$ cat entry.cif   # mmCIF, C-alpha atoms and all ligand atoms
data_input
loop_
_atom_site.label_atom_id
_atom_site.label_comp_id
_atom_site.auth_asym_id
_atom_site.auth_seq_id
_atom_site.Cartn_x
_atom_site.Cartn_y
_atom_site.Cartn_z
CA MET A 1 11.93 -15.89 25.81
CA ASN A 2 9.25 -17.07 23.44
CA ILE A 3 9.25 -16.19 19.74
CA VAL A 4 7.22 -12.99 20.07
CA GLU A 5 9.49 -11.67 22.81
CA ARG A 6 12.52 -12.51 20.70
CA LEU A 7 11.07 -10.76 17.67
CA ARG A 8 10.35 -7.79 19.89
CA CYS A 9 14.04 -7.75 20.90
CA ASN A 10 15.01 -7.55 17.23
CA GLU A 11 16.21 -11.10 17.06
CA ASP A 12 16.00 -12.76 13.68
CA LEU A 13 13.73 -15.80 13.84
CA THR A 14 14.38 -18.88 11.72
CA ASP A 15 12.00 -19.76 8.89
CA THR A 16 10.60 -22.56 11.05
CA GLU A 17 9.89 -20.14 13.89
CA LEU A 18 8.26 -17.64 11.52
CA ALA A 19 6.11 -20.44 10.12
CA GLU A 20 5.05 -21.38 13.64
CA LEU A 21 4.13 -17.78 14.42
CA LEU A 22 2.15 -17.47 11.19
CA GLN A 23 0.24 -20.70 11.58
CA THR A 24 -1.16 -20.52 15.09
CA ASP A 25 -3.46 -18.08 16.82
CA LYS A 26 -1.90 -18.72 20.21
CA TYR A 27 0.44 -15.73 20.04
CA ASP A 28 -2.06 -13.31 18.50
CA GLU A 29 -2.85 -11.33 21.65
CA GLN A 30 0.78 -11.14 22.71
CA LEU A 31 1.76 -10.09 19.19
CA ARG A 32 -0.86 -7.35 19.12
CA ILE A 33 0.27 -5.95 22.46
CA ALA A 34 3.96 -6.05 21.48
CA ALA A 35 3.30 -4.47 18.06
CA ASP A 36 1.24 -1.71 19.65
CA ALA A 37 3.94 -1.03 22.23
CA VAL A 38 6.61 -0.73 19.53
CA ARG A 39 4.51 1.59 17.36
CA ARG A 40 3.88 3.79 20.43
CA GLU A 41 7.60 3.86 21.22
CA HIS A 42 8.37 5.34 17.81
CA TYR A 43 5.20 7.11 16.75
CA GLY A 44 3.17 7.61 19.92
CA THR A 45 -0.51 7.57 19.01
CA ASP A 46 0.04 9.42 15.71
CA VAL A 47 -1.86 8.20 12.67
CA TYR A 48 -0.78 9.79 9.39
CA ILE A 49 -3.32 10.39 6.67
CA ARG A 50 -2.54 10.23 2.96
CA GLY A 51 -4.89 11.61 0.34
CA LEU A 52 -5.25 8.98 -2.36
CA ILE A 53 -5.95 10.28 -5.86
CA GLU A 54 -6.76 7.44 -8.24
CA PHE A 55 -6.16 9.41 -11.41
CA THR A 56 -6.52 6.76 -14.12
CA ASN A 57 -7.87 3.23 -14.36
CA TYR A 58 -6.49 2.58 -17.82
CA CYS A 59 -3.81 -0.08 -17.58
CA LYS A 60 -1.60 -1.82 -20.12
CA ASN A 61 -0.98 -4.69 -17.71
CA ASP A 62 -3.07 -7.78 -17.21
CA CYS A 63 -2.43 -8.84 -13.61
CA LEU A 64 -4.72 -11.78 -13.00
CA TYR A 65 -6.06 -10.50 -9.66
CA CYS A 66 -6.75 -6.91 -10.59
CA GLY A 67 -10.12 -5.44 -11.56
CA ILE A 68 -8.58 -2.76 -13.79
CA ARG A 69 -6.49 -5.23 -15.85
CA ARG A 70 -6.59 -4.45 -19.53
CA SER A 71 -8.63 -7.54 -20.44
CA ASN A 72 -11.51 -6.48 -18.21
CA ARG A 73 -13.94 -5.14 -20.80
CA CYS A 74 -16.50 -4.40 -18.09
CA ALA A 75 -14.35 -1.72 -16.45
CA GLN A 76 -15.48 1.78 -17.37
CA ARG A 77 -12.25 3.61 -18.01
CA TYR A 78 -11.51 7.18 -16.93
CA ARG A 79 -8.65 9.64 -16.63
CA LEU A 80 -8.43 12.77 -14.53
CA THR A 81 -7.04 15.95 -16.08
CA LYS A 82 -4.22 17.88 -14.47
CA GLU A 83 -6.81 20.48 -13.37
CA GLU A 84 -8.98 17.81 -11.76
CA ILE A 85 -5.96 16.37 -9.95
CA LEU A 86 -5.01 19.83 -8.68
CA GLU A 87 -8.58 20.34 -7.46
CA CYS A 88 -8.31 17.10 -5.47
CA CYS A 89 -5.11 18.44 -3.89
CA GLN A 90 -6.73 21.76 -3.10
CA GLU A 91 -9.66 20.08 -1.42
CA GLY A 92 -7.33 17.71 0.39
CA TYR A 93 -5.02 20.44 1.60
CA ALA A 94 -7.96 22.29 3.15
CA LEU A 95 -8.93 19.09 4.92
CA GLY A 96 -5.47 18.77 6.44
CA PHE A 97 -3.76 16.36 4.05
CA ARG A 98 -0.02 16.94 3.65
CA THR A 99 0.66 13.89 1.48
CA PHE A 100 -0.90 13.31 -1.92
CA VAL A 101 -0.69 9.84 -3.40
CA LEU A 102 -1.15 9.68 -7.16
CA GLN A 103 -2.04 6.12 -8.00
CA GLY A 104 -3.11 4.66 -11.30
CA GLY A 105 -2.89 1.89 -13.80
CA GLU A 106 0.08 1.84 -16.15
CA ASP A 107 -1.48 4.25 -18.62
CA ALA A 108 0.64 5.31 -21.62
CA TYR A 109 -1.38 8.52 -21.94
CA TYR A 110 0.53 9.80 -18.91
CA THR A 111 3.92 10.13 -20.57
CA ASP A 112 6.90 11.11 -18.44
CA ALA A 113 6.40 14.70 -19.62
CA ARG A 114 2.77 14.69 -18.43
CA ILE A 115 3.60 13.06 -15.10
CA CYS A 116 6.43 15.54 -14.52
CA ASP A 117 4.15 18.41 -15.43
CA ILE A 118 1.54 17.27 -12.90
CA VAL A 119 4.11 16.57 -10.18
CA SER A 120 5.83 19.94 -10.60
CA ALA A 121 2.51 21.77 -10.49
CA ILE A 122 1.66 20.06 -7.19
CA ARG A 123 5.17 20.75 -5.94
CA ARG A 124 4.83 24.48 -6.79
CA ASN A 125 1.40 24.82 -5.20
CA TYR A 126 2.16 22.76 -2.08
CA PRO A 127 5.85 23.09 -1.22
CA ASP A 128 5.15 21.73 2.27
CA CYS A 129 3.51 18.49 1.08
CA ALA A 130 4.89 15.08 0.23
CA ILE A 131 4.08 13.72 -3.23
CA THR A 132 3.82 9.96 -3.55
CA LEU A 133 3.59 8.19 -6.89
CA SER A 134 2.21 4.71 -7.52
CA VAL A 135 2.20 4.17 -11.26
CA GLY A 136 3.99 0.87 -11.64
CA GLU A 137 7.17 -0.23 -13.35
CA LYS A 138 9.17 2.43 -15.18
CA SER A 139 12.77 2.91 -16.27
CA HIS A 140 15.41 4.33 -13.96
CA GLU A 141 15.38 7.50 -16.09
CA SER A 142 11.64 7.94 -15.71
CA TYR A 143 11.80 7.44 -11.95
CA GLN A 144 14.65 9.96 -11.82
CA ALA A 145 12.65 12.48 -13.86
CA TYR A 146 9.64 12.24 -11.52
CA PHE A 147 11.93 12.61 -8.53
CA ASP A 148 13.57 15.69 -10.04
CA ALA A 149 10.12 17.13 -10.71
CA GLY A 150 9.38 16.91 -6.99
CA ALA A 151 8.08 13.45 -6.12
CA ASN A 152 9.33 12.15 -2.75
CA ARG A 153 7.86 8.71 -2.28
CA TYR A 154 6.93 5.73 -4.44
CA LEU A 155 4.63 2.80 -3.76
CA LEU A 156 5.28 -0.37 -5.73
CA ARG A 157 4.21 -3.55 -4.03
CA HIS A 158 6.44 -6.48 -4.81
CA GLU A 159 3.23 -8.63 -4.69
CA THR A 160 5.18 -11.85 -3.98
CA ALA A 161 8.91 -12.42 -3.70
CA THR A 162 8.81 -15.96 -5.10
CA PRO A 163 9.44 -15.81 -8.86
CA GLU A 164 7.26 -18.87 -9.63
CA HIS A 165 4.39 -17.48 -7.58
CA TYR A 166 4.86 -14.09 -9.23
CA SER A 167 4.35 -15.83 -12.60
CA GLN A 168 1.12 -17.39 -11.38
CA LEU A 169 -0.29 -13.97 -10.52
CA HIS A 170 0.96 -12.04 -13.55
CA PRO A 171 1.20 -12.40 -17.32
CA ALA A 172 4.56 -13.52 -18.75
CA GLU A 173 5.76 -9.95 -19.47
CA LEU A 174 5.91 -9.22 -15.75
CA THR A 175 8.62 -10.88 -13.67
CA PHE A 176 9.83 -10.70 -10.11
CA PRO A 177 13.45 -9.83 -11.03
CA LYS A 178 12.21 -6.79 -12.93
CA ARG A 179 9.98 -5.72 -10.03
CA ARG A 180 12.89 -6.10 -7.65
CA GLU A 181 15.13 -4.03 -9.92
CA CYS A 182 12.53 -1.24 -9.98
CA LEU A 183 12.36 -1.20 -6.18
CA PHE A 184 16.13 -0.97 -5.82
CA ASP A 185 16.27 1.75 -8.52
CA LEU A 186 13.72 3.77 -6.58
CA LYS A 187 15.75 3.43 -3.39
CA ALA A 188 18.99 4.40 -5.11
CA ILE A 189 17.37 7.55 -6.51
CA GLY A 190 16.40 8.60 -3.02
CA TYR A 191 12.68 7.97 -2.84
CA GLN A 192 11.04 6.81 0.35
CA VAL A 193 9.93 3.44 -0.99
CA GLY A 194 6.91 1.29 -0.23
CA ALA A 195 6.74 -2.42 -1.07
CA GLY A 196 4.27 -5.04 0.08
CA PHE A 197 2.11 -7.96 -0.87
CA MET A 198 -1.39 -9.38 -0.85
CA VAL A 199 -2.25 -11.84 1.89
CA GLY A 200 -4.13 -14.92 0.71
CA SER A 201 -3.51 -14.41 -2.99
CA PRO A 202 -4.22 -17.53 -5.09
CA PHE A 203 -1.57 -20.28 -4.74
CA GLN A 204 0.13 -18.47 -1.83
CA THR A 205 1.83 -20.78 0.70
CA MET A 206 3.53 -20.16 4.04
CA GLU A 207 6.88 -20.49 2.25
CA HIS A 208 5.86 -17.65 -0.07
CA ILE A 209 4.93 -15.43 2.87
CA ILE A 210 8.23 -16.18 4.58
CA ALA A 211 10.04 -15.28 1.34
CA ASP A 212 8.09 -12.00 1.37
CA LEU A 213 9.26 -11.28 4.92
CA ARG A 214 12.85 -12.09 3.95
CA PHE A 215 12.65 -9.87 0.87
CA LEU A 216 11.39 -6.99 3.00
CA GLN A 217 14.29 -7.52 5.41
CA GLU A 218 16.65 -7.20 2.47
CA LEU A 219 14.95 -4.20 0.83
CA LYS A 220 14.33 -2.31 4.08
CA PRO A 221 11.51 -0.23 2.65
CA ASP A 222 10.23 2.90 4.36
CA MET A 223 6.62 1.80 3.90
CA ILE A 224 4.99 -1.61 3.72
CA GLY A 225 1.52 -2.03 2.25
CA ILE A 226 -0.24 -5.32 2.90
CA GLY A 227 -3.88 -6.24 2.68
CA PRO A 228 -6.02 -9.26 1.95
CA PHE A 229 -6.45 -10.53 -1.59
CA LEU A 230 -10.10 -9.84 -2.45
CA SER A 231 -11.55 -11.41 -5.56
CA HIS A 232 -12.99 -9.39 -8.41
CA LYS A 233 -15.82 -10.90 -10.40
CA ASP A 234 -14.47 -9.93 -13.83
CA THR A 235 -10.99 -11.40 -13.40
CA PRO A 236 -9.59 -14.93 -13.85
CA PHE A 237 -9.36 -15.15 -10.04
CA CYS A 238 -13.08 -14.51 -9.52
CA ASP A 239 -13.62 -17.86 -7.81
CA TYR A 240 -10.67 -17.80 -5.44
CA PRO A 241 -11.38 -17.17 -1.75
CA ASP A 242 -10.53 -13.86 -0.12
CA GLY A 243 -7.57 -13.56 2.24
CA GLU A 244 -8.16 -13.98 5.96
CA LEU A 245 -8.42 -11.14 8.44
CA ALA A 246 -6.56 -12.99 11.19
CA LEU A 247 -3.56 -13.63 8.96
CA VAL A 248 -3.43 -10.01 7.76
CA LEU A 249 -3.43 -8.81 11.38
CA ARG A 250 -0.81 -11.35 12.40
CA LEU A 251 1.40 -10.14 9.55
CA LEU A 252 0.90 -6.49 10.47
CA GLY A 253 2.05 -7.31 13.99
CA ILE A 254 5.05 -9.26 12.75
CA LEU A 255 6.01 -6.50 10.30
CA ARG A 256 5.81 -3.85 13.04
CA LEU A 257 8.19 -5.90 15.18
CA MET A 258 10.57 -6.67 12.30
CA HIS A 259 10.54 -3.04 11.06
CA PRO A 260 9.94 -0.94 14.18
CA ARG A 261 9.97 2.45 12.40
CA VAL A 262 8.26 1.51 9.15
CA LEU A 263 5.18 3.35 7.92
CA LEU A 264 2.48 0.72 7.86
CA PRO A 265 -0.96 1.51 6.46
CA ALA A 266 -4.20 -0.05 7.56
CA THR A 267 -5.23 -0.51 3.93
CA THR A 268 -8.51 0.04 2.10
CA ALA A 269 -8.67 -3.71 1.39
CA LEU A 270 -8.47 -4.39 5.14
CA GLY A 271 -11.28 -1.89 5.72
CA THR A 272 -13.29 -3.53 2.95
CA MET A 273 -13.07 -7.05 4.33
CA HIS A 274 -14.28 -6.17 7.85
CA PRO A 275 -16.20 -3.15 9.18
CA GLN A 276 -13.57 -2.67 11.91
CA GLY A 277 -10.68 -3.82 9.73
CA ARG A 278 -8.78 -0.58 9.71
CA GLU A 279 -9.20 0.02 13.44
CA LEU A 280 -7.99 -3.51 14.15
CA GLY A 281 -5.01 -2.87 11.88
CA LEU A 282 -4.16 0.31 13.78
CA GLN A 283 -4.31 -1.65 17.03
CA THR A 284 -1.88 -4.20 15.60
CA GLY A 285 0.94 -1.90 14.59
CA ALA A 286 -0.40 0.06 11.60
CA ASN A 287 0.05 3.85 11.72
CA VAL A 288 -1.19 5.18 8.37
CA VAL A 289 -4.59 5.46 6.67
CA MET A 290 -5.15 6.49 3.09
CA PRO A 291 -8.60 7.95 2.50
CA ASN A 292 -9.78 8.52 -1.04
CA LEU A 293 -9.53 12.05 -2.45
CA SER A 294 -10.64 11.15 -5.98
CA PRO A 295 -13.78 12.86 -7.28
CA GLN A 296 -16.91 10.97 -6.22
CA SER A 297 -17.86 10.39 -9.87
CA VAL A 298 -14.85 8.15 -10.59
CA ARG A 299 -14.48 6.34 -7.28
CA GLU A 300 -16.62 3.39 -8.17
CA LYS A 301 -14.65 2.92 -11.37
CA TYR A 302 -11.34 2.28 -9.63
CA MET A 303 -12.48 -1.19 -8.61
CA LEU A 304 -9.44 -3.33 -7.95
CA TYR A 305 -11.64 -5.90 -6.19
CA ASP A 306 -15.35 -6.37 -5.46
CA ASN A 307 -17.11 -4.11 -2.94
CA LYS A 308 -14.18 -1.75 -2.49
CA ILE A 309 -15.30 0.87 0.01
CA SER A 310 -15.69 4.00 -2.02
CA THR A 311 -18.34 6.15 -0.46
CA ASP A 312 -18.93 7.69 2.94
CA GLU A 313 -16.33 6.37 5.36
CA GLU A 314 -13.74 6.29 2.65
CA SER A 315 -14.25 9.82 1.39
CA ALA A 316 -11.92 12.54 2.53
CA GLN A 317 -14.93 14.72 3.26
CA SER A 318 -15.70 12.40 6.10
CA VAL A 319 -12.17 12.75 7.42
CA GLN A 320 -13.82 14.08 10.57
CA ARG A 321 -15.64 10.81 11.04
CA LEU A 322 -12.47 8.89 10.28
CA ALA A 323 -10.63 10.91 12.92
CA GLN A 324 -13.32 9.98 15.44
CA ALA A 325 -13.04 6.29 14.57
CA VAL A 326 -9.26 6.48 14.93
CA GLU A 327 -9.70 8.15 18.31
CA ARG A 328 -12.11 5.47 19.47
CA ALA A 329 -9.46 2.91 18.53
CA GLY A 330 -7.02 4.76 20.82
CA TYR A 331 -5.01 6.91 18.38
CA CYS A 332 -4.96 10.38 16.91
CA VAL A 333 -4.99 11.58 13.29
CA VAL A 334 -2.23 14.15 12.76
CA THR A 335 -1.70 16.60 9.91
CA ALA A 336 2.09 16.23 9.75
CA ARG A 337 3.70 15.06 6.50
CA GLY A 338 4.71 11.90 8.33
CA ASP A 339 8.00 11.18 6.62
CA ALA A 340 9.72 7.88 7.11
CA LYS A 341 11.83 7.65 10.25
CA THR A 342 13.68 4.78 8.64
CA LYS A 343 16.20 7.12 7.02
CA ASN A 344 19.15 8.41 9.01
N1 LIG A 401 -0.51 0.19 -11.10
C1 LIG A 401 0.01 0.47 -9.79
C2 LIG A 401 -1.08 0.48 -8.75
C3 LIG A 401 -1.71 -0.87 -8.60
S1 LIG A 401 -3.13 -0.96 -7.58
C4 LIG A 401 1.10 -0.51 -9.48
O1 LIG A 401 1.35 -1.39 -10.29
O2 LIG A 401 1.74 -0.39 -8.46
C5 LIG A 401 -2.39 -1.05 -5.98
C6 LIG A 401 -2.34 -2.42 -5.32
O3 LIG A 401 -3.64 -2.96 -5.19
C7 LIG A 401 -1.58 -3.49 -6.05
O4 LIG A 401 -0.21 -3.38 -5.84
C8 LIG A 401 -2.17 -4.78 -5.49
O5 LIG A 401 -1.35 -5.32 -4.45
C9 LIG A 401 -3.51 -4.33 -4.91
N2 LIG A 401 -4.59 -5.09 -5.54
C10 LIG A 401 -4.90 -5.19 -6.85
N3 LIG A 401 -5.91 -6.07 -7.04
C11 LIG A 401 -6.25 -6.54 -5.82
C12 LIG A 401 -7.19 -7.49 -5.34
N4 LIG A 401 -7.99 -8.15 -6.17
N5 LIG A 401 -7.25 -7.71 -4.01
C13 LIG A 401 -6.46 -7.05 -3.16
N6 LIG A 401 -5.53 -6.16 -3.54
C14 LIG A 401 -5.42 -5.91 -4.85
#
$ encode --input "entry.cif" --output "structure tokens"
Amino acid sequence: MNIVERLRCNEDLTDTELAELLQTDKYDEQLRIAADAVRREHYGTDVYIRGLIEFTNYCKNDCLYCGIRRSNRCAQRYRLTKEEILECCQEGYALGFRTFVLQGGEDAYYTDARICDIVSAIRRNYPDCAITLSVGEKSHESYQAYFDAGANRYLLRHETATPEHYSQLHPAELTFPKRRECLFDLKAIGYQVGAGFMVGSPFQTMEHIIADLRFLQELKPDMIGIGPFLSHKDTPFCDYPDGELALVLRLLGILRLMHPRVLLPATTALGTMHPQGRELGLQTGANVVMPNLSPQSVREKYMLYDNKISTDEESAQSVQRLAQAVERAGYCVVTARGDAKTKN
């Protein structure tokens, strides 16, 4: 058996074999076919949709890659009120969304009390929906409080599992051990947890990517978010090249084979880098898309990287068009909550 067949049979490849798989295009077609077969075994043609509500772009952090880092004076800051967030949910629910993802910068305005208040209001209004939070690093107590208020899932990308590389992407206050602790806290509390990393981030090597794959094997997250690094003009990484489509797709395929039941989004960054990016992702093992439910007026302000798709195709209002694109790619958007099948 060659390395793709062995991965498909759940065998653990060596680092050298993973490096070989990552560095050549000769297995790409075989990898795509195997990843697609495995996703169909577990999920059929289902594609889950998540309504993304980007509720604040204030952030106390200064991640070197990110367009909403606190040092970016050019970013026009905004916050959504609880009422505005609930309106997004209402609109989303009518469109068929059964998962709401509240994502934002690490904004001290949203105290634990405010976050819990918002989460419990959504929980009361939409008892049949999943609530996902993505608001960065918090204490175990805070995570527990959000969970008790009704949150079910949490997205916190590990960004890179190599501590030295982590320090090259983040200011000194942020460390990989802390990030790792947060992810394990979230798991222990009972969240469905999403980790992940950027592909092609500055200084990233094959060894770093292999460390990311090993970390994911250890964490066993329910969701894995990966997408290309895309530069933002008002950040220190403005001159670094974007990640490569082929490598993102290769990694999606590998991740589907290594984590057969994981929820794997075809991310906005993937859709931004190539007009067919998301469809290609879906054909290489991805089974989730996360259209934007934020009010039109703030969408262009949540600019993590340049040219982020924020209008038409990305809007939930065009969910119909998205569904058609998904169908053309060979899959079907479903309204189910789409919980992780990784738990049992
Ligand atoms: N504050 C939250 C949400 C961060 S934004 C948190 O800390 O989890 C969500 C993700 O966008 C990040 O985890 C990062 O991986 C990604 N991201 C940020 N800047 C990016 C860039 N320039 N290119 C690609 N992805 C980026």
$ axis_aligned_box --input "entry.cif" --around "ligand LIG 401 (chain A)" --padding-each-side "3 Å" --output "lines of an AutoDock Vina configuration file"
center_x = -3.1
center_y = -3.8
center_z = -7.1
size_x = 15.7
size_y = 14.6
size_z = 13.9
$ residues_around --input "entry.cif" --residues "Ile68 in chain A" --least-positions-apart "2" --cutoff "8 Å" --atoms "only C-alpha atoms" --output "MDAnalysis selection string"
chainID A and resid 57:59 66 70 72 75 105 302:304
$ write_last_selection --input "entry.cif" --atoms "C-alpha atoms" --output "PDB file, in the coordinates of the input"
ATOM      1  CA  ASN A  57      -7.870   3.230 -14.360  1.00  0.00           C
ATOM      2  CA  TYR A  58      -6.490   2.580 -17.820  1.00  0.00           C
ATOM      3  CA  CYS A  59      -3.810  -0.080 -17.580  1.00  0.00           C
ATOM      4  CA  CYS A  66      -6.750  -6.910 -10.590  1.00  0.00           C
ATOM      5  CA  ARG A  70      -6.590  -4.450 -19.530  1.00  0.00           C
ATOM      6  CA  ASN A  72     -11.510  -6.480 -18.210  1.00  0.00           C
ATOM      7  CA  ALA A  75     -14.350  -1.720 -16.450  1.00  0.00           C
ATOM      8  CA  GLY A 105      -2.890   1.890 -13.800  1.00  0.00           C
ATOM      9  CA  TYR A 302     -11.340   2.280  -9.630  1.00  0.00           C
ATOM     10  CA  MET A 303     -12.480  -1.190  -8.610  1.00  0.00           C
ATOM     11  CA  LEU A 304      -9.440  -3.330  -7.950  1.00  0.00           C
TER      12      LEU A 304
END
$ atom_distance --input "entry.cif" --atom1 "CA of Leu21 in chain A" --atom2 "CA of Asp46 in chain A"
27.5 Å
$ residues_near_ligand --input "entry.cif" --ligand "ligand LIG 401 (chain A)" --cutoff "7 Å" --atoms "only C-alpha atoms and all ligand atoms" --output "ChimeraX atom specification"
/A:65-67,103-106,134-137,155-157,159,197-198,227-232,269,304-305
$ closest_residue --input "entry.cif" --among "A:Ile118, A:Leu186, A:Val199, A:Met1" --to "Glu141 in chain A" --atoms "only C-alpha atoms"
A:Leu186
$ closest_residue --input "entry.cif" --among "A:Lys82, A:Arg39, A:His165, A:Arg153" --to "Ile122 in chain A" --atoms "all atoms listed in the file"
A:Lys82
$ residues_around --input "entry.cif" --residues "range 5-13 of chain A" --least-positions-apart "6" --cutoff "10 Å" --atoms "all atoms listed in the file" --output "PyMOL selection string"
chain A and resi 19+21+30-31+34-35+37-38+217+254-260
$ build_atoms --input "entry.cif" --residues "range 104-120 of chain A" --atoms "N, CA and C atoms" --output "PDB file, in the coordinates of the input"
ATOM      1  N   GLY A 104      -2.365   4.977 -10.097  1.00  0.00           N
ATOM      2  CA  GLY A 104      -3.110   4.660 -11.300  1.00  0.00           C
ATOM      3  C   GLY A 104      -2.624   3.393 -11.949  1.00  0.00           C
ATOM      4  N   GLY A 105      -3.355   2.984 -12.962  1.00  0.00           N
ATOM      5  CA  GLY A 105      -2.890   1.890 -13.800  1.00  0.00           C
ATOM      6  C   GLY A 105      -1.677   2.360 -14.584  1.00  0.00           C
ATOM      7  N   GLU A 106      -1.051   1.451 -15.286  1.00  0.00           N
ATOM      8  CA  GLU A 106       0.080   1.840 -16.150  1.00  0.00           C
ATOM      9  C   GLU A 106      -0.514   2.308 -17.475  1.00  0.00           C
ATOM     10  N   ASP A 107      -0.707   3.619 -17.553  1.00  0.00           N
ATOM     11  CA  ASP A 107      -1.480   4.250 -18.620  1.00  0.00           C
ATOM     12  C   ASP A 107      -0.535   5.087 -19.487  1.00  0.00           C
ATOM     13  N   ALA A 108      -0.333   4.648 -20.727  1.00  0.00           N
ATOM     14  CA  ALA A 108       0.640   5.310 -21.620  1.00  0.00           C
ATOM     15  C   ALA A 108       0.273   6.759 -21.922  1.00  0.00           C
ATOM     16  N   TYR A 109      -1.001   7.124 -21.724  1.00  0.00           N
ATOM     17  CA  TYR A 109      -1.380   8.520 -21.940  1.00  0.00           C
ATOM     18  C   TYR A 109      -0.531   9.450 -21.056  1.00  0.00           C
ATOM     19  N   TYR A 110      -0.284   8.986 -19.824  1.00  0.00           N
ATOM     20  CA  TYR A 110       0.530   9.800 -18.910  1.00  0.00           C
ATOM     21  C   TYR A 110       1.997   9.524 -19.200  1.00  0.00           C
ATOM     22  N   THR A 111       2.502  10.211 -20.210  1.00  0.00           N
ATOM     23  CA  THR A 111       3.920  10.130 -20.570  1.00  0.00           C
ATOM     24  C   THR A 111       4.734  10.715 -19.418  1.00  0.00           C
ATOM     25  N   ASP A 112       6.045  10.511 -19.462  1.00  0.00           N
ATOM     26  CA  ASP A 112       6.900  11.110 -18.440  1.00  0.00           C
ATOM     27  C   ASP A 112       6.696  12.623 -18.394  1.00  0.00           C
ATOM     28  N   ALA A 113       6.576  13.232 -19.580  1.00  0.00           N
ATOM     29  CA  ALA A 113       6.400  14.700 -19.620  1.00  0.00           C
ATOM     30  C   ALA A 113       5.124  15.094 -18.884  1.00  0.00           C
ATOM     31  N   ARG A 114       4.041  14.341 -19.103  1.00  0.00           N
ATOM     32  CA  ARG A 114       2.770  14.690 -18.430  1.00  0.00           C
ATOM     33  C   ARG A 114       2.869  14.454 -16.927  1.00  0.00           C
ATOM     34  N   ILE A 115       3.477  13.330 -16.546  1.00  0.00           N
ATOM     35  CA  ILE A 115       3.600  13.060 -15.100  1.00  0.00           C
ATOM     36  C   ILE A 115       4.451  14.157 -14.445  1.00  0.00           C
ATOM     37  N   CYS A 116       5.556  14.504 -15.098  1.00  0.00           N
ATOM     38  CA  CYS A 116       6.430  15.540 -14.520  1.00  0.00           C
ATOM     39  C   CYS A 116       5.705  16.877 -14.429  1.00  0.00           C
ATOM     40  N   ASP A 117       4.906  17.164 -15.430  1.00  0.00           N
ATOM     41  CA  ASP A 117       4.150  18.410 -15.430  1.00  0.00           C
ATOM     42  C   ASP A 117       3.169  18.450 -14.240  1.00  0.00           C
ATOM     43  N   ILE A 118       2.489  17.350 -14.018  1.00  0.00           N
ATOM     44  CA  ILE A 118       1.540  17.270 -12.900  1.00  0.00           C
ATOM     45  C   ILE A 118       2.276  17.354 -11.565  1.00  0.00           C
ATOM     46  N   VAL A 119       3.355  16.583 -11.443  1.00  0.00           N
ATOM     47  CA  VAL A 119       4.110  16.570 -10.180  1.00  0.00           C
ATOM     48  C   VAL A 119       4.675  17.958  -9.888  1.00  0.00           C
ATOM     49  N   SER A 120       5.233  18.625 -10.922  1.00  0.00           N
ATOM     50  CA  SER A 120       5.830  19.940 -10.600  1.00  0.00           C
ATOM     51  C   SER A 120       4.772  20.971 -10.267  1.00  0.00           C
TER      52      SER A 120
END
